[in-house]
Structures are given as structure tokens and as C-alpha cells.
Amino acid sequence: MALKDIGEFGFIDRIKPGCLIRNRNVLRGIGDDCAVLRTSEGLVTLFTTDMLVDEVHFLLEKIPPYKLGRKSIAVNLSDIAAMGGTPTEALVSIAIPDSLEVGYLDALYQGMKSIAREFDLNVLGGDTSRAPANLVISVAMLGEAKEEEVLYRSGARPGDLIFTTGCLGSSAAGLDAVLEMRTYPGVEELVEAHYNPQPHVAAGRLIAGSKAAHALIDVSDGVAADLGHICMESGVGAVIDEEKIPTNSLFRAYCEHFHLDFRQLSLYQGEDYVLLGTVTEDAAPKIEQVLRSAGFQFLPIGTIVSGSGLRLKQSNGSVRQIAGRGWQHF
Ligand code: ADP
Ligand code: MG
């Protein structure tokens, strides 16, 4: 059987049985943005890892090493944010092809250290290996949270409002600009969204601290895919309001200019690293207020419903089934 027959998530489901052999203090294993371990009364440790591989997640010839260093830490910070936690420690493992110069690696680590400092994150160690071909950077990260505040993918309930903490699609347009070597006024901002995403750690903390939200995830694979994960883990369905998918004007203008379908890009492409959450209609104003007062956005995009699967309510009022798909390896 080929890997593509089962896909990335079929693979994860397949290897899951037998992974957890001692569940004392394990509140969550495989199946969320982080594993969650009870460490002391009322406190949990969050544990996550994310890997960036040259030619799969980035193109070494295109992304400046400083930005690549930042991004390899940022994507892990985003998974801690998605649980409502505070990042604390990291390990960095790197497999380096012979062709890379020391100056490149210096810049890579300057990038990692700059974002680590911004988020008060220690780098406590890691591992270094030669790579036969492509650069691989793998980061493992710890964070902490109060047990009663942690937000899982599995908490969404029918009737919940679905919201994001920022706009979608800019990273996908930035990637398009890099790959197609397209220039456009302001395109640097889109490329920056792709190369240097800002993880919404403070927003995640505020949402968790409000104790008003039901579920949270970060948008790494695309909003359709990531909302699909929430639905799957919560045993619910969702309706996305097409008109409400949040995008900024530069992104829309870029898509229009190059005849790209901005709805496709904003729904199905990932790496925006904003947070996607669910909350009851009654509690929504509370979250909106705490987010807005800290400079984050609260952008409602749809509703959780009973049943399963994703539906898109289109501008003309019709509703159609859509796939919870997005970025997938294999
Ligand atoms: P995210 O996009 O938030 O990083 P993923 O979609 O990569 O999450 O992973 C989904 C879940 O599967 C997570 O709980 C992750 O820890 C787990 N997982 C992914 N790959 C593996 C693997 N090779 N072995 C064990 N667990 C894995
Ligand atoms: Mg995640």
C-alpha cells in the first residue's frame, strides 16, 4: 500500500494504537496541537514538535536563513498558542547538508534566538547531524497552562460561533509571489506573512483565560482542514459563511490582479498561523472584548452544527458541502 492511499492523517490514525502505554497524568496524547500532561495540582505541561524540510516546507534558495530560523520556532509557538498556553522551553534538531556555509547557520540561529527572546523561550538543547541532501529543522517545545483553561480541538458544541483571530490567505499569496516571482505593490507584506508569521500566543492566552471558548486550533493547514479537525475531534459539523471569510484588501487585490481565486486560497491553503476557535453566542462578546483590547481581531466566520462535515454558505444563499481538506503530505 502506498502512503498516498491513506494520507497523512490515515497514517497517524494507523500508528496511534499502542503509543500510549501509561496514561497516568496524560490528559491528551495524539490528536491535538500539543500533548497535555498534568505536572502538578492544577497545572499542565504542553508538549509539541514540528519539523521544516527543505523542498517540502520551504525552498532554501528562496527564504532568507534568518526568517527560516524564526519560522521554525514560530510554527511550534503557534501550537502552544492553540492550546491557550505559554511557551517555555525548546530543543532544536537540525540535519545539515555539506553544502551549507557556517554563515548561513549563524543567520538561521540568529533568527531562532530573536523570536525565542520575543516569546521568553529558552532553547535548552537539540541535536546536529549531517544530511545527505536537504536541510531539516525539527523543533520540540514545552509550554505551560492551567489545567482548567486548556483548550482542545474536541470541545466544540452545536450552536457555537466559529471565529478567527486574524485574516486568512496572505501567506498563500506570499508563497505564490515567491514561486511565480510575481511583483505587485505591497507584495513584500504578503511574502512576510509567509516567511515570518507571528504566532498568536497572547491571543491564545487571552482566549483561554476568559474561560469562555469551547475549542481552539491554529490555522496551519488551511481553515477548511483545521476546522475539519475541530469537527472530527468534537463530533460535530460546521457551516462557514463564505462572505465572512476574513481577508485583507492587499491579499484580495493581489488575487484579482493575477486572476487567483481568493476564496480558494483563503479556505484551503495554510500557514496563516492565526487561531480558530469556537464559543457560544452568549460568551462571544467577552472574547471579542479581551481580544480587541489587546490589539487582536475577533472575526466570526460561521457556526458549529450537529452532525458532521463542513458546509459553505455561499454569497447567493445556497449551501454546499465542502471537503475538510487543505495542506496534506502524501
Ligand atoms: P499540527 O498541525 O497542529 O502540528 P499535526 O496535524 O501535525 O498537528 O498532528 C496531529 C496529531 O498527530 C498531533 O497530536 C501529533 O502529535 C500527532 N502526530 C503527527 N505525526 C506523528 C507521528 N509520526 N507519530 C506520532 N504522532 C504523530
Ligand atoms: Mg496546530
# chains A, B, ... in the order shown; residues from 1 in each chain; ligands from 1
call {"tool": "residues_near_ligand", "arguments": {"ligand": "ligand 2", "cutoff": "12 Å", "atoms": "only C-alpha atoms and all ligand atoms", "output": "NGL selection string"}}
result
:A and (30-35 or 47-50 or 74-84 or 152-153 or 199-200 or 216-223 or 225-227 or 229-230 or 270-276)
call {"tool": "write_last_selection", "arguments": {"atoms": "N, CA and C atoms", "output": "compact mmCIF listing (two decimals), in the first residue's frame"}}
result
# COMPACT_ATOMS: atom_id res chain seq x y z
N ILE A 30 -1.87 11.76 21.21
CA ILE A 30 -2.02 12.10 19.80
C ILE A 30 -3.42 12.65 19.53
N GLY A 31 -3.52 13.70 18.74
CA GLY A 31 -4.84 14.17 18.33
C GLY A 31 -5.12 15.64 18.59
N ASP A 32 -4.12 16.37 19.08
CA ASP A 32 -4.35 17.81 19.26
C ASP A 32 -3.08 18.56 18.86
N ASP A 33 -3.09 19.88 19.05
CA ASP A 33 -1.92 20.66 18.66
C ASP A 33 -0.71 20.36 19.55
N CYS A 34 -0.99 20.01 20.80
CA CYS A 34 0.06 19.61 21.74
C CYS A 34 -0.43 18.41 22.53
N ALA A 35 0.50 17.63 23.04
CA ALA A 35 0.15 16.67 24.08
C ALA A 35 0.03 17.45 25.39
N PHE A 47 3.28 19.84 25.20
CA PHE A 47 4.47 19.24 24.57
C PHE A 47 4.16 19.09 23.08
N THR A 48 4.98 19.69 22.23
CA THR A 48 4.70 19.63 20.79
C THR A 48 5.98 19.58 19.99
N THR A 49 5.88 19.18 18.73
CA THR A 49 7.04 19.21 17.84
C THR A 49 6.57 19.47 16.41
N ASP A 50 7.37 20.19 15.67
CA ASP A 50 7.06 20.48 14.27
C ASP A 50 8.37 20.58 13.50
N ALA A 74 8.44 29.71 15.20
CA ALA A 74 7.07 30.27 15.20
C ALA A 74 6.00 29.20 15.05
N VAL A 75 6.23 28.21 14.20
CA VAL A 75 5.19 27.20 13.96
C VAL A 75 4.94 26.36 15.21
N ASN A 76 5.97 26.18 16.02
CA ASN A 76 5.81 25.47 17.28
C ASN A 76 5.13 26.35 18.32
N LEU A 77 5.53 27.63 18.38
CA LEU A 77 4.86 28.56 19.29
C LEU A 77 3.36 28.58 19.01
N SER A 78 3.02 28.49 17.73
CA SER A 78 1.62 28.55 17.32
C SER A 78 0.84 27.35 17.88
N ASP A 79 1.48 26.18 17.95
CA ASP A 79 0.80 25.02 18.52
C ASP A 79 0.60 25.17 20.03
N ILE A 80 1.53 25.82 20.70
CA ILE A 80 1.33 26.11 22.13
C ILE A 80 0.18 27.12 22.28
N ALA A 81 0.17 28.13 21.39
CA ALA A 81 -0.91 29.14 21.41
C ALA A 81 -2.27 28.48 21.22
N ALA A 82 -2.30 27.45 20.38
CA ALA A 82 -3.56 26.78 20.04
C ALA A 82 -4.16 26.02 21.21
N MET A 83 -3.37 25.81 22.28
CA MET A 83 -3.92 25.18 23.49
C MET A 83 -4.22 26.24 24.55
N GLY A 84 -3.87 27.48 24.26
CA GLY A 84 -4.04 28.55 25.24
C GLY A 84 -2.88 28.64 26.22
N TYR A 152 -8.99 22.40 23.89
CA TYR A 152 -8.73 21.27 22.99
C TYR A 152 -9.49 21.45 21.68
N ARG A 153 -9.14 20.62 20.70
CA ARG A 153 -9.89 20.60 19.44
C ARG A 153 -11.28 19.99 19.67
N PRO A 199 3.08 34.15 15.57
CA PRO A 199 2.17 33.26 16.30
C PRO A 199 1.33 34.03 17.31
N HIS A 200 0.06 33.67 17.40
CA HIS A 200 -0.88 34.42 18.25
C HIS A 200 -0.90 33.89 19.69
N LEU A 216 -10.17 25.24 20.36
CA LEU A 216 -9.19 26.13 19.71
C LEU A 216 -8.18 25.29 18.92
N ILE A 217 -7.75 25.84 17.78
CA ILE A 217 -6.71 25.21 16.94
C ILE A 217 -5.99 26.35 16.24
N ASP A 218 -4.79 26.10 15.72
CA ASP A 218 -4.16 27.14 14.91
C ASP A 218 -4.31 26.78 13.43
N VAL A 219 -4.37 27.80 12.59
CA VAL A 219 -4.58 27.56 11.16
C VAL A 219 -3.21 27.34 10.51
N SER A 220 -2.82 26.06 10.43
CA SER A 220 -1.54 25.73 9.79
C SER A 220 -1.76 25.04 8.45
N ASP A 221 -2.86 24.30 8.32
CA ASP A 221 -3.10 23.54 7.09
C ASP A 221 -4.14 24.19 6.19
N GLY A 222 -4.75 25.28 6.63
CA GLY A 222 -5.86 25.91 5.90
C GLY A 222 -7.11 25.84 6.75
N VAL A 223 -7.95 26.85 6.67
CA VAL A 223 -9.08 26.92 7.62
C VAL A 223 -10.06 25.76 7.42
N ALA A 225 -9.33 22.67 6.47
CA ALA A 225 -8.72 21.49 7.08
C ALA A 225 -8.72 21.59 8.59
N ASP A 226 -8.36 22.74 9.11
CA ASP A 226 -8.22 22.86 10.56
C ASP A 226 -9.58 22.89 11.26
N LEU A 227 -10.57 23.51 10.63
CA LEU A 227 -11.93 23.43 11.17
C LEU A 227 -12.42 21.98 11.07
N HIS A 229 -10.56 19.41 11.52
CA HIS A 229 -10.00 18.72 12.68
C HIS A 229 -10.86 18.96 13.92
N ILE A 230 -11.29 20.21 14.11
CA ILE A 230 -12.16 20.52 15.26
C ILE A 230 -13.45 19.69 15.16
N GLY A 270 -2.77 26.91 3.81
CA GLY A 270 -2.48 27.07 5.24
C GLY A 270 -1.49 28.15 5.56
N GLU A 271 -0.88 27.94 6.71
CA GLU A 271 0.24 28.75 7.18
C GLU A 271 -0.11 30.18 7.54
N ASP A 272 -1.37 30.44 7.85
CA ASP A 272 -1.69 31.78 8.34
C ASP A 272 -1.33 31.93 9.83
N TYR A 273 -1.36 30.80 10.54
CA TYR A 273 -1.00 30.78 11.97
C TYR A 273 -1.79 31.76 12.82
N VAL A 274 -3.03 32.05 12.39
CA VAL A 274 -3.96 32.71 13.29
C VAL A 274 -4.66 31.59 14.07
N LEU A 275 -5.44 31.95 15.07
CA LEU A 275 -6.17 30.93 15.82
C LEU A 275 -7.60 30.85 15.33
N LEU A 276 -8.15 29.65 15.43
CA LEU A 276 -9.52 29.37 15.02
C LEU A 276 -10.21 28.74 16.22
call {"tool": "residues_around", "arguments": {"residues": "A:Tyr66", "least_positions_apart": "6", "cutoff": "6 Å", "atoms": "only C-alpha atoms", "output": "VMD selection string"}}
result
chain A and resid 107 to 108 111
call {"tool": "write_last_selection", "arguments": {"atoms": "N, CA and C atoms", "output": "tab-separated table (two decimals), in the first residue's frame"}}
result
chain	number	residue	atom	x	y	z
A	107	ALA	N	23.07	32.83	10.68
A	107	ALA	CA	21.87	33.65	10.44
A	107	ALA	C	20.61	32.89	10.85
A	108	LEU	N	20.59	31.58	10.55
A	108	LEU	CA	19.44	30.73	10.93
A	108	LEU	C	19.22	30.81	12.45
A	111	GLY	N	17.97	34.13	13.78
A	111	GLY	CA	16.52	34.21	13.62
A	111	GLY	C	15.80	33.46	14.74
call {"tool": "residues_around", "arguments": {"residues": "A:Leu312", "least_positions_apart": "2", "cutoff": "10 Å", "atoms": "only C-alpha atoms", "output": "PyMOL selection string"}}
result
chain A and resi 224+238-243+302+310+314-315+317-323
call {"tool": "write_last_selection", "arguments": {"atoms": "N, CA and C atoms", "output": "mmCIF file, in the first residue's frame"}}
result
data_model
loop_
_atom_site.group_PDB
_atom_site.id
_atom_site.type_symbol
_atom_site.label_atom_id
_atom_site.label_comp_id
_atom_site.auth_asym_id
_atom_site.auth_seq_id
_atom_site.Cartn_x
_atom_site.Cartn_y
_atom_site.Cartn_z
ATOM 1 N N ALA A 224 -10.259 25.296 6.189
ATOM 2 C CA ALA A 224 -11.175 24.166 5.971
ATOM 3 C C ALA A 224 -10.628 22.911 6.646
ATOM 4 N N ALA A 238 -19.898 21.827 10.693
ATOM 5 C CA ALA A 238 -19.739 23.289 10.708
ATOM 6 C C ALA A 238 -20.243 23.890 9.414
ATOM 7 N N VAL A 239 -20.782 25.098 9.520
ATOM 8 C CA VAL A 239 -21.167 25.868 8.331
ATOM 9 C C VAL A 239 -20.315 27.129 8.311
ATOM 10 N N ILE A 240 -19.545 27.303 7.235
ATOM 11 C CA ILE A 240 -18.731 28.515 7.072
ATOM 12 C C ILE A 240 -19.513 29.470 6.181
ATOM 13 N N ASP A 241 -19.564 30.731 6.592
ATOM 14 C CA ASP A 241 -20.229 31.749 5.795
ATOM 15 C C ASP A 241 -19.192 32.350 4.839
ATOM 16 N N GLU A 242 -19.327 32.040 3.555
ATOM 17 C CA GLU A 242 -18.330 32.451 2.557
ATOM 18 C C GLU A 242 -18.034 33.956 2.599
ATOM 19 N N GLU A 243 -19.091 34.724 2.793
ATOM 20 C CA GLU A 243 -18.947 36.192 2.825
ATOM 21 C C GLU A 243 -18.082 36.662 3.991
ATOM 22 N N GLY A 302 -18.622 31.570 11.023
ATOM 23 C CA GLY A 302 -19.643 30.551 10.808
ATOM 24 C C GLY A 302 -20.145 29.971 12.113
ATOM 25 N N LEU A 310 -18.254 19.626 6.691
ATOM 26 C CA LEU A 310 -18.221 21.085 6.529
ATOM 27 C C LEU A 310 -19.147 21.501 5.400
ATOM 28 N N GLN A 314 -22.876 30.021 0.603
ATOM 29 C CA GLN A 314 -22.339 30.912 -0.421
ATOM 30 C C GLN A 314 -23.062 32.254 -0.443
ATOM 31 N N SER A 315 -22.434 33.199 -1.155
ATOM 32 C CA SER A 315 -22.964 34.561 -1.194
ATOM 33 C C SER A 315 -24.411 34.585 -1.694
ATOM 34 N N GLY A 317 -26.669 32.523 -1.034
ATOM 35 C CA GLY A 317 -27.570 31.910 -0.062
ATOM 36 C C GLY A 317 -27.562 30.395 -0.108
ATOM 37 N N SER A 318 -27.066 29.812 -1.200
ATOM 38 C CA SER A 318 -27.072 28.344 -1.289
ATOM 39 C C SER A 318 -25.960 27.769 -0.409
ATOM 40 N N VAL A 319 -26.201 26.546 0.039
ATOM 41 C CA VAL A 319 -25.239 25.898 0.935
ATOM 42 C C VAL A 319 -24.724 24.647 0.254
ATOM 43 N N ARG A 320 -23.385 24.491 0.229
ATOM 44 C CA ARG A 320 -22.863 23.258 -0.365
ATOM 45 C C ARG A 320 -21.814 22.623 0.541
ATOM 46 N N GLN A 321 -21.751 21.302 0.415
ATOM 47 C CA GLN A 321 -20.788 20.507 1.176
ATOM 48 C C GLN A 321 -19.380 20.834 0.676
ATOM 49 N N ILE A 322 -18.432 21.013 1.571
ATOM 50 C CA ILE A 322 -17.039 21.143 1.117
ATOM 51 C C ILE A 322 -16.174 20.154 1.880
ATOM 52 N N ALA A 323 -15.014 19.849 1.293
ATOM 53 C CA ALA A 323 -14.122 18.882 1.940
ATOM 54 C C ALA A 323 -13.315 19.592 3.008
#
call {"tool": "closest_residue", "arguments": {"among": "A:Phe11, A:Phe251, A:Phe262, A:Tyr184", "to": "ligand 1", "atoms": "only C-alpha atoms and all ligand atoms"}}
result
A:Phe11
call {"tool": "select_by_dssp", "arguments": {"residues": "stretch 231-279 of chain A", "states": "helix (DSSP H, G or I)", "output": "list in words"}}
result
Cys231, Met232, Glu233, Ser234, Glu242, Glu243, Lys244, Ser249, Leu250, Phe251, Arg252, Ala253, Tyr254, Cys255, Glu256, His257, Phe262, Arg263, Gln264, Leu265, Ser266, Leu267 and Tyr268 of chain A
call {"tool": "atom_distance", "arguments": {"atom1": "atom CA of A:Glu149", "atom2": "atom CA of A:Ala208"}}
result
5.2 Å
call {"tool": "atom_distance", "arguments": {"atom1": "atom CA of A:Ala215", "atom2": "atom CA of A:Arg157"}}
result
8.7 Å
